[in-house]
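Structure file query-v7.tsv (TSV, C-alpha atoms) is printed below.
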chain	number	residue	atom	x	y	z
A	1	MET	CA	0.00	0.00	0.00
A	2	SER	CA	2.84	2.37	0.87
A	3	LYS	CA	4.54	1.70	-2.46
A	4	GLN	CA	1.30	2.38	-4.30
A	5	LYS	CA	0.90	5.72	-2.53
A	6	MET	CA	4.53	6.61	-3.18
A	7	THR	CA	3.98	5.82	-6.85
A	8	LEU	CA	0.91	8.06	-6.73
A	9	VAL	CA	3.04	10.89	-5.32
A	10	MET	CA	5.61	10.43	-8.07
A	11	THR	CA	2.92	10.36	-10.73
A	12	ASN	CA	1.47	13.58	-9.36
A	13	VAL	CA	4.89	15.27	-9.48
A	14	PHE	CA	5.59	14.07	-13.01
A	15	HIS	CA	2.13	15.17	-14.17
A	16	ARG	CA	2.41	18.71	-12.80
A	17	LEU	CA	6.04	19.14	-13.76
A	18	GLY	CA	5.36	17.77	-17.23
A	19	GLN	CA	2.51	20.22	-17.72
A	20	ALA	CA	4.71	23.12	-16.64
A	21	ILE	CA	7.49	22.05	-19.00
A	22	LEU	CA	5.13	21.59	-21.96
A	23	ILE	CA	3.60	25.03	-21.41
A	24	THR	CA	7.07	26.57	-21.16
A	25	VAL	CA	8.27	24.80	-24.30
A	26	GLY	CA	5.18	25.94	-26.18
A	27	TRP	CA	5.67	29.57	-25.18
A	28	ILE	CA	9.41	29.58	-25.88
A	29	VAL	CA	9.14	27.90	-29.28
A	30	GLY	CA	6.19	30.08	-30.26
A	31	PHE	CA	7.94	33.27	-29.18
A	32	GLU	CA	11.20	32.35	-30.93
A	33	VAL	CA	9.41	31.40	-34.15
A	34	VAL	CA	7.33	34.59	-34.19
A	35	VAL	CA	10.40	36.76	-33.56
A	36	SER	CA	12.34	34.88	-36.24
A	37	LEU	CA	9.53	35.27	-38.76
A	38	MET	CA	9.26	38.98	-38.03
A	39	GLY	CA	13.00	39.32	-38.53
A	40	LEU	CA	12.75	37.41	-41.79
A	41	ILE	CA	9.91	39.61	-43.02
A	42	PHE	CA	11.65	42.89	-42.21
A	43	ASN	CA	15.26	41.92	-42.94
A	44	ARG	CA	14.68	39.31	-45.63
A	45	ASN	CA	17.73	37.42	-44.46
A	46	PRO	CA	17.15	33.64	-44.50
A	47	GLU	CA	20.53	32.94	-42.90
A	48	SER	CA	19.69	35.05	-39.87
A	49	PHE	CA	16.34	33.28	-39.65
A	50	LEU	CA	18.01	29.86	-39.62
A	51	VAL	CA	20.60	30.95	-37.06
A	52	THR	CA	17.84	32.13	-34.74
A	53	LEU	CA	16.02	28.83	-35.09
A	54	GLN	CA	19.22	26.94	-34.29
A	55	GLY	CA	19.38	28.76	-30.96
A	56	ILE	CA	16.00	27.42	-29.83
A	57	PRO	CA	17.36	24.14	-28.35
A	58	SER	CA	19.83	26.00	-26.13
A	59	THR	CA	17.11	28.38	-24.96
A	60	LEU	CA	14.82	25.46	-24.20
A	61	ALA	CA	17.54	23.76	-22.16
A	62	VAL	CA	17.93	26.85	-19.97
A	63	PHE	CA	14.21	27.35	-19.39
A	64	ILE	CA	13.52	23.67	-18.72
A	65	ASN	CA	16.13	23.77	-15.97
A	66	LEU	CA	14.51	26.90	-14.54
A	67	VAL	CA	11.11	25.21	-14.55
A	68	LEU	CA	12.57	22.21	-12.73
A	69	LEU	CA	14.13	24.42	-10.06
A	70	ALA	CA	11.03	26.58	-9.71
A	71	TYR	CA	8.72	23.59	-9.40
A	72	PHE	CA	10.37	22.28	-6.26
A	73	ILE	CA	10.39	25.76	-4.72
A	74	VAL	CA	6.75	26.55	-5.42
A	75	THR	CA	4.89	23.25	-5.01
A	76	PRO	CA	5.85	21.66	-1.64
A	77	TYR	CA	2.81	22.94	0.23
A	78	VAL	CA	0.49	22.25	-2.71
A	79	ASP	CA	1.75	18.67	-2.87
A	80	PHE	CA	1.53	18.33	0.91
A	81	LYS	CA	-2.09	19.49	0.91
A	82	TRP	CA	-2.87	17.10	-1.93
A	83	ALA	CA	-1.16	14.24	-0.09
A	84	ILE	CA	-3.11	14.84	3.14
A	85	GLN	CA	-6.38	14.95	1.20
A	86	ASN	CA	-5.51	11.57	-0.34
A	87	GLY	CA	-4.51	9.92	2.92
A	88	ILE	CA	-0.78	9.91	2.18
A	89	SER	CA	1.61	10.28	5.11
A	90	ARG	CA	4.38	12.86	5.27
A	91	LYS	CA	7.00	10.10	5.17
A	92	THR	CA	5.55	8.56	2.02
A	93	MET	CA	5.17	11.97	0.41
A	94	TRP	CA	8.79	12.86	1.14
A	95	ARG	CA	10.06	9.58	-0.27
A	96	GLY	CA	7.92	9.90	-3.37
A	97	ARG	CA	8.95	13.48	-4.02
A	98	ALA	CA	12.62	12.67	-3.39
A	99	LEU	CA	12.57	9.80	-5.88
A	100	ALA	CA	10.58	11.87	-8.38
A	101	LEU	CA	13.09	14.70	-7.94
A	102	PHE	CA	16.00	12.41	-8.77
A	103	LEU	CA	14.31	10.82	-11.79
A	104	ALA	CA	13.01	14.14	-13.12
A	105	THR	CA	16.45	15.71	-12.74
A	106	LEU	CA	18.07	12.78	-14.53
A	107	VAL	CA	15.59	12.87	-17.43
A	108	ILE	CA	15.81	16.64	-17.80
A	109	PHE	CA	19.60	16.53	-17.62
A	110	ILE	CA	19.71	13.97	-20.44
A	111	LEU	CA	17.24	16.08	-22.42
A	112	ASP	CA	19.36	19.18	-21.83
A	113	GLU	CA	22.48	17.44	-23.06
A	114	LEU	CA	20.68	16.24	-26.19
A	115	LEU	CA	19.43	19.77	-26.86
A	116	SER	CA	22.86	21.25	-26.20
A	117	MET	CA	24.51	18.88	-28.68
A	118	ALA	CA	23.01	21.02	-31.44
A	119	ASN	CA	25.42	23.85	-30.59
A	120	GLN	CA	28.32	22.27	-28.69
A	121	PRO	CA	30.41	19.09	-28.80
A	122	ALA	CA	29.78	16.16	-26.49
A	123	MET	CA	31.34	16.39	-23.02
A	124	SER	CA	33.52	13.87	-21.24
A	125	PRO	CA	31.87	11.43	-18.80
A	126	ARG	CA	33.45	13.18	-15.82
A	127	THR	CA	32.16	16.56	-16.95
A	128	LEU	CA	28.71	15.10	-17.47
A	129	LEU	CA	28.77	13.61	-13.96
A	130	VAL	CA	29.84	16.90	-12.41
A	131	ASN	CA	27.17	18.82	-14.31
A	132	PHE	CA	24.52	16.33	-13.23
A	133	LEU	CA	25.57	16.57	-9.59
A	134	ILE	CA	25.46	20.36	-9.79
A	135	LEU	CA	21.94	20.28	-11.23
A	136	LEU	CA	20.80	17.67	-8.71
A	137	THR	CA	22.23	19.69	-5.84
A	138	GLY	CA	20.52	22.82	-7.11
A	139	VAL	CA	17.16	21.06	-7.29
A	140	VAL	CA	17.54	19.55	-3.81
A	141	THR	CA	18.46	23.00	-2.49
A	142	CYS	CA	15.35	24.44	-4.11
A	143	GLN	CA	13.24	21.74	-2.49
A	144	ALA	CA	14.77	22.52	0.90
A	145	VAL	CA	13.97	26.21	0.40
A	146	GLY	CA	10.46	25.39	-0.80
A	147	ASN	CA	9.80	23.08	2.13
A	148	GLY	CA	11.08	25.74	4.51
A	149	PHE	CA	8.83	28.40	3.02
A	150	SER	CA	5.89	26.00	3.33
A	151	LEU	CA	6.19	26.28	7.11
A	152	LEU	CA	5.58	30.04	6.96
A	153	ASN	CA	2.35	31.91	6.58
A	154	ARG	CA	1.92	34.51	3.86
A	155	THR	CA	3.19	37.40	5.97
A	156	TRP	CA	6.34	35.62	7.06
A	157	LYS	CA	7.01	34.50	3.50
A	158	TRP	CA	7.20	38.15	2.47
A	159	ILE	CA	9.37	39.02	5.46
A	160	VAL	CA	11.80	36.15	4.91
A	161	GLY	CA	11.73	36.45	1.11
A	162	ILE	CA	12.74	40.11	1.30
A	163	GLY	CA	14.80	39.98	4.47
A	164	LEU	CA	17.17	37.16	3.54
A	165	PRO	CA	18.43	38.75	0.28
A	166	VAL	CA	18.87	42.07	2.08
A	167	MET	CA	20.81	40.38	4.88
A	168	PHE	CA	22.94	38.56	2.31
A	169	ILE	CA	23.79	41.83	0.56
A	170	ILE	CA	24.67	43.46	3.90
A	171	PHE	CA	26.82	40.45	4.78
A	172	CYS	CA	28.67	40.70	1.45
A	173	VAL	CA	29.30	44.42	1.98
A	174	ILE	CA	30.65	43.76	5.48
A	175	MET	CA	32.91	40.99	4.19
A	176	VAL	CA	34.28	43.21	1.41
A	177	ARG	CA	35.01	45.99	3.88
A	178	LEU	CA	36.63	43.52	6.25
A	179	ILE	CA	38.85	42.16	3.48
A	180	LEU	CA	39.86	45.68	2.47
A	181	ALA	CA	40.61	46.57	6.09
A	182	MET	CA	42.78	43.47	6.46
A	183	GLY	CA	44.59	44.05	3.18
A	184	SER	CA	48.07	44.11	4.69
A	185	GLN	CA	47.51	40.91	6.67
A	186	ILE	CA	46.11	39.12	3.62
A	187	THR	CA	49.10	40.27	1.58
A	188	ALA	CA	51.42	38.87	4.22
A	189	LEU	CA	49.64	35.51	4.07
A	190	VAL	CA	49.84	35.42	0.28
A	191	GLU	CA	53.56	36.14	0.45
A	192	ASN	CA	54.07	33.40	3.03
A	193	LYS	CA	55.41	30.46	1.01
A	194	GLN	CA	54.53	27.86	3.64
A	195	PHE	CA	50.92	29.05	3.80
A	196	VAL	CA	50.63	29.09	0.00
A	197	ALA	CA	52.13	25.60	-0.23
A	198	ALA	CA	49.72	24.26	2.39
A	199	MET	CA	46.70	25.81	0.67
A	200	THR	CA	47.88	24.44	-2.67
A	201	VAL	CA	48.01	20.92	-1.25
A	202	VAL	CA	44.55	21.28	0.28
A	203	PHE	CA	42.76	22.77	-2.72
A	204	ASN	CA	44.53	20.57	-5.27
A	205	ASN	CA	43.19	17.48	-3.54
A	206	PRO	CA	40.75	15.91	-6.05
A	207	VAL	CA	38.72	14.31	-3.26
A	208	LEU	CA	38.01	17.55	-1.36
A	209	PRO	CA	35.35	18.97	-3.72
A	210	TYR	CA	33.38	15.72	-3.58
A	211	VAL	CA	33.60	15.58	0.21
A	212	LEU	CA	32.36	19.16	0.50
A	213	TRP	CA	29.61	18.42	-1.99
A	214	LEU	CA	28.54	15.31	-0.08
A	215	ILE	CA	28.35	17.25	3.20
A	216	TYR	CA	26.32	20.05	1.61
A	217	PHE	CA	24.04	17.60	-0.19
A	218	ALA	CA	23.40	15.65	3.01
A	219	ILE	CA	22.54	18.86	4.87
A	220	MET	CA	20.10	19.99	2.18
A	221	LEU	CA	18.49	16.56	1.98
A	222	GLY	CA	18.16	16.49	5.76
A	223	LEU	CA	16.51	19.92	5.72
A	224	THR	CA	13.97	18.76	3.16
A	225	LYS	CA	13.01	15.90	5.51
A	226	LEU	CA	13.01	18.12	8.59
A	227	PHE	CA	10.79	20.77	7.02
A	228	ASN	CA	8.59	18.14	5.38
A	229	ASP	CA	7.82	16.47	8.71
A	230	ARG	CA	6.77	19.81	10.22
A	231	MET	CA	4.35	20.95	7.54
A	232	GLN	CA	0.84	21.74	8.73
A	233	LEU	CA	-2.36	22.62	6.93
A	234	ARG	CA	-3.19	26.31	7.22
A	235	ARG	CA	-6.04	28.55	6.15
A	236	ASP	CA	-4.07	31.25	4.36

For this file, produce the structure as structure tokens.
Amino acid sequence: MSKQKMTLVMTNVFHRLGQAILITVGWIVGFEVVVSLMGLIFNRNPESFLVTLQGIPSTLAVFINLVLLAYFIVTPYVDFKWAIQNGISRKTMWRGRALALFLATLVIFILDELLSMANQPAMSPRTLLVNFLILLTGVVTCQAVGNGFSLLNRTWKWIVGIGLPVMFIIFCVIMVRLILAMGSQITALVENKQFVAAMTVVFNNPVLPYVLWLIYFAIMLGLTKLFNDRMQLRRD
């Protein structure tokens, strides 16, 4: 029974995400074709028209990724409400959405690579793996953010949505000023051969990026579960 409900959750995600992608593709292709035709009518340059059409796959790849990221930010509470109405537990919903997230990311990544092959050569397997992990991490991060926002009411969503970017900008300004104020000390560190050698050994370690990625990914995945288990139905 649990597997059936998890499959139902996945089907729901694929259905809604698929609809969003199809609508986006329709708008993008329609817009690009109309603009290209207008350019052809006014400029009467078939080569420019064909070049514009050749850029459609790359544009689609970008917007499909954006739809994927946006979906897992916007829909957590909608999916949670739907799951509760259909007698699906939070645990089953989280598992279903997590598996759907992975499969959707994999399918969209493959689709993106196929679309990108129209304008760029094929990448090496390692590059493909890194790109996939980056996309997967981005989607999981978006789900963590979406699940977190689902815990807030409408007022707090506005407060957090505006406040966090402002705080981030202030933090960046403070860090820049701090770095400028410590310019002489930073210069001394850079000129220290032992420090530079130690940092070179650390950052040239091929395992380090994957370890850092794994830690970050585990934290984001844990946050999605934590926020998911604390979702409640609300009236706003």

Let me know the centre plus edge lengths, in Å and rounded to one decimal, of a box with edges along x, y and z that contains all listed atoms of segment 105-108 of chain A and is padded by 3 Å on every side, as lines of an AutoDock Vina configuration file.
center_x = 16.8
center_y = 14.7
center_z = -15.3
size_x = 8.5
size_y = 9.9
size_z = 11.1

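Considering the residues A:Leu111, A:Leu68, A:Ile174, A:Leu151 and counting all atoms listed in the file, Val139 of chain A has its shortest atom-to-atom contact with A:Leu68.
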
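Taking atom CA of Arg234 of chain A and atom CA of Ile84 of chain A as endpoints, the distance between them is 12.2 Å.
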
Exercise for review: May I ask which of the residues A:Val74, A:Thr7, A:Leu208, A:Thr59 is the closest one to Arg95 of chain A, counting only C-alpha atoms?
Suggested key: A:Thr7

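From atom CA of Arg154 of chain A back to atom CA of Phe63 of chain A, the distance works out to 27.3 Å.
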
Point to revise | Pick from A:Asn153, A:Gln4, A:Thr105, A:Thr224, whichever lies nearest to Gly87 of chain A using only C-alpha atoms | key: A:Gln4

Review point. Within 12 Å of Val78 of chain A, counting all atoms listed in the file, which residues qualify if same-chain residues fewer than 4 places away don't, as a PyMOL selection string?
Key: chain A and resi 9+12-13+16+71-74+82-85+93+146-147+149-150+231-234

Practice item. Work out how far apart atom CA of Gly222 of chain A and atom CA of Met6 of chain A are and give it in Å to one decimal. Key: 19.1 Å

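The nearest approach to Ala70 of chain A among the residues A:Gln143, A:Thr155, A:Thr137, A:Asn228, with only C-alpha atoms taken into account, belongs to A:Gln143.
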
Review point. With distances taken over all atoms listed in the file, which of A:Ser124, A:Asn131, A:Gln19, A:Thr92 is nearest to Ile110 of chain A?
Key: A:Asn131

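Counting all atoms listed in the file, the residue from A:Ile56, A:Ala144, A:Leu128, A:Ile108 that sits nearest to Gly18 of chain A is A:Ile108.
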
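All protein and nucleic acid residues in the vicinity of (12.3, 35.5, -29.2), that is within 12 Å when counting only C-alpha atoms, are Trp27, Ile28, Val29, Gly30, Phe31, Glu32, Val33, Val34, Val35, Ser36, Leu37, Met38, Gly39, Phe49, Thr52, Leu53, Gly55, Ile56, Thr59 and Leu60 of chain A.
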
Review point. Within 12 Å of Ile134 of chain A, counting only C-alpha atoms, which residues qualify if same-chain residues fewer than 2 places away don't, as a ChimeraX atom specification?
Key: /A:65,105-106,109,127-132,136-141,209-210,213-214,216-217

Taking the partial coordinates given, rebuild segment 85-109 of chain A to contain N, CA and C atoms; return it as a CSV table (one decimal), keeping the file's coordinate frame.
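As written to disk, part_38.csv reads:
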chain,number,residue,atom,x,y,z
A,85,GLN,N,-5.0,15.2,1.7
A,85,GLN,CA,-6.4,15.0,1.2
A,85,GLN,C,-6.5,13.5,0.7
A,86,ASN,N,-5.5,12.9,0.2
A,86,ASN,CA,-5.5,11.6,-0.3
A,86,ASN,C,-5.0,10.5,0.6
A,87,GLY,N,-4.9,10.9,1.9
A,87,GLY,CA,-4.5,9.9,2.9
A,87,GLY,C,-3.1,9.4,2.8
A,88,ILE,N,-2.2,10.3,2.3
A,88,ILE,CA,-0.8,9.9,2.2
A,88,ILE,C,0.0,10.6,3.3
A,89,SER,N,0.8,9.8,4.0
A,89,SER,CA,1.6,10.3,5.1
A,89,SER,C,2.7,11.2,4.6
A,90,ARG,N,3.3,12.0,5.6
A,90,ARG,CA,4.4,12.9,5.3
A,90,ARG,C,5.6,12.1,4.8
A,91,LYS,N,5.8,10.9,5.5
A,91,LYS,CA,7.0,10.1,5.2
A,91,LYS,C,6.9,9.6,3.7
A,92,THR,N,5.7,9.1,3.4
A,92,THR,CA,5.6,8.6,2.0
A,92,THR,C,5.7,9.7,1.0
A,93,MET,N,5.1,10.8,1.3
A,93,MET,CA,5.2,12.0,0.4
A,93,MET,C,6.6,12.4,0.2
A,94,TRP,N,7.4,12.4,1.3
A,94,TRP,CA,8.8,12.9,1.1
A,94,TRP,C,9.6,11.9,0.3
A,95,ARG,N,9.4,10.6,0.5
A,95,ARG,CA,10.1,9.6,-0.3
A,95,ARG,C,9.7,9.7,-1.7
A,96,GLY,N,8.4,9.8,-2.0
A,96,GLY,CA,7.9,9.9,-3.4
A,96,GLY,C,8.5,11.1,-4.1
A,97,ARG,N,8.4,12.3,-3.4
A,97,ARG,CA,9.0,13.5,-4.0
A,97,ARG,C,10.5,13.4,-4.2
A,98,ALA,N,11.2,12.8,-3.3
A,98,ALA,CA,12.6,12.7,-3.4
A,98,ALA,C,13.0,11.8,-4.6
A,99,LEU,N,12.3,10.7,-4.7
A,99,LEU,CA,12.6,9.8,-5.9
A,99,LEU,C,12.2,10.5,-7.2
A,100,ALA,N,11.0,11.1,-7.2
A,100,ALA,CA,10.6,11.9,-8.4
A,100,ALA,C,11.6,13.0,-8.7
A,101,LEU,N,12.1,13.6,-7.7
A,101,LEU,CA,13.1,14.7,-7.9
A,101,LEU,C,14.3,14.1,-8.7
A,102,PHE,N,14.8,13.0,-8.2
A,102,PHE,CA,16.0,12.4,-8.8
A,102,PHE,C,15.7,12.0,-10.2
A,103,LEU,N,14.6,11.3,-10.4
A,103,LEU,CA,14.3,10.8,-11.8
A,103,LEU,C,14.0,12.0,-12.7
A,104,ALA,N,13.3,13.0,-12.3
A,104,ALA,CA,13.0,14.1,-13.1
A,104,ALA,C,14.3,14.9,-13.5
A,105,THR,N,15.2,15.0,-12.5
A,105,THR,CA,16.4,15.7,-12.7
A,105,THR,C,17.3,14.9,-13.7
A,106,LEU,N,17.3,13.6,-13.6
A,106,LEU,CA,18.1,12.8,-14.5
A,106,LEU,C,17.5,12.9,-16.0
A,107,VAL,N,16.2,12.8,-16.1
A,107,VAL,CA,15.6,12.9,-17.4
A,107,VAL,C,15.8,14.2,-18.1
A,108,ILE,N,15.6,15.3,-17.3
A,108,ILE,CA,15.8,16.6,-17.8
A,108,ILE,C,17.3,16.9,-18.1
A,109,PHE,N,18.2,16.4,-17.3
A,109,PHE,CA,19.6,16.5,-17.6
A,109,PHE,C,20.0,15.9,-18.9
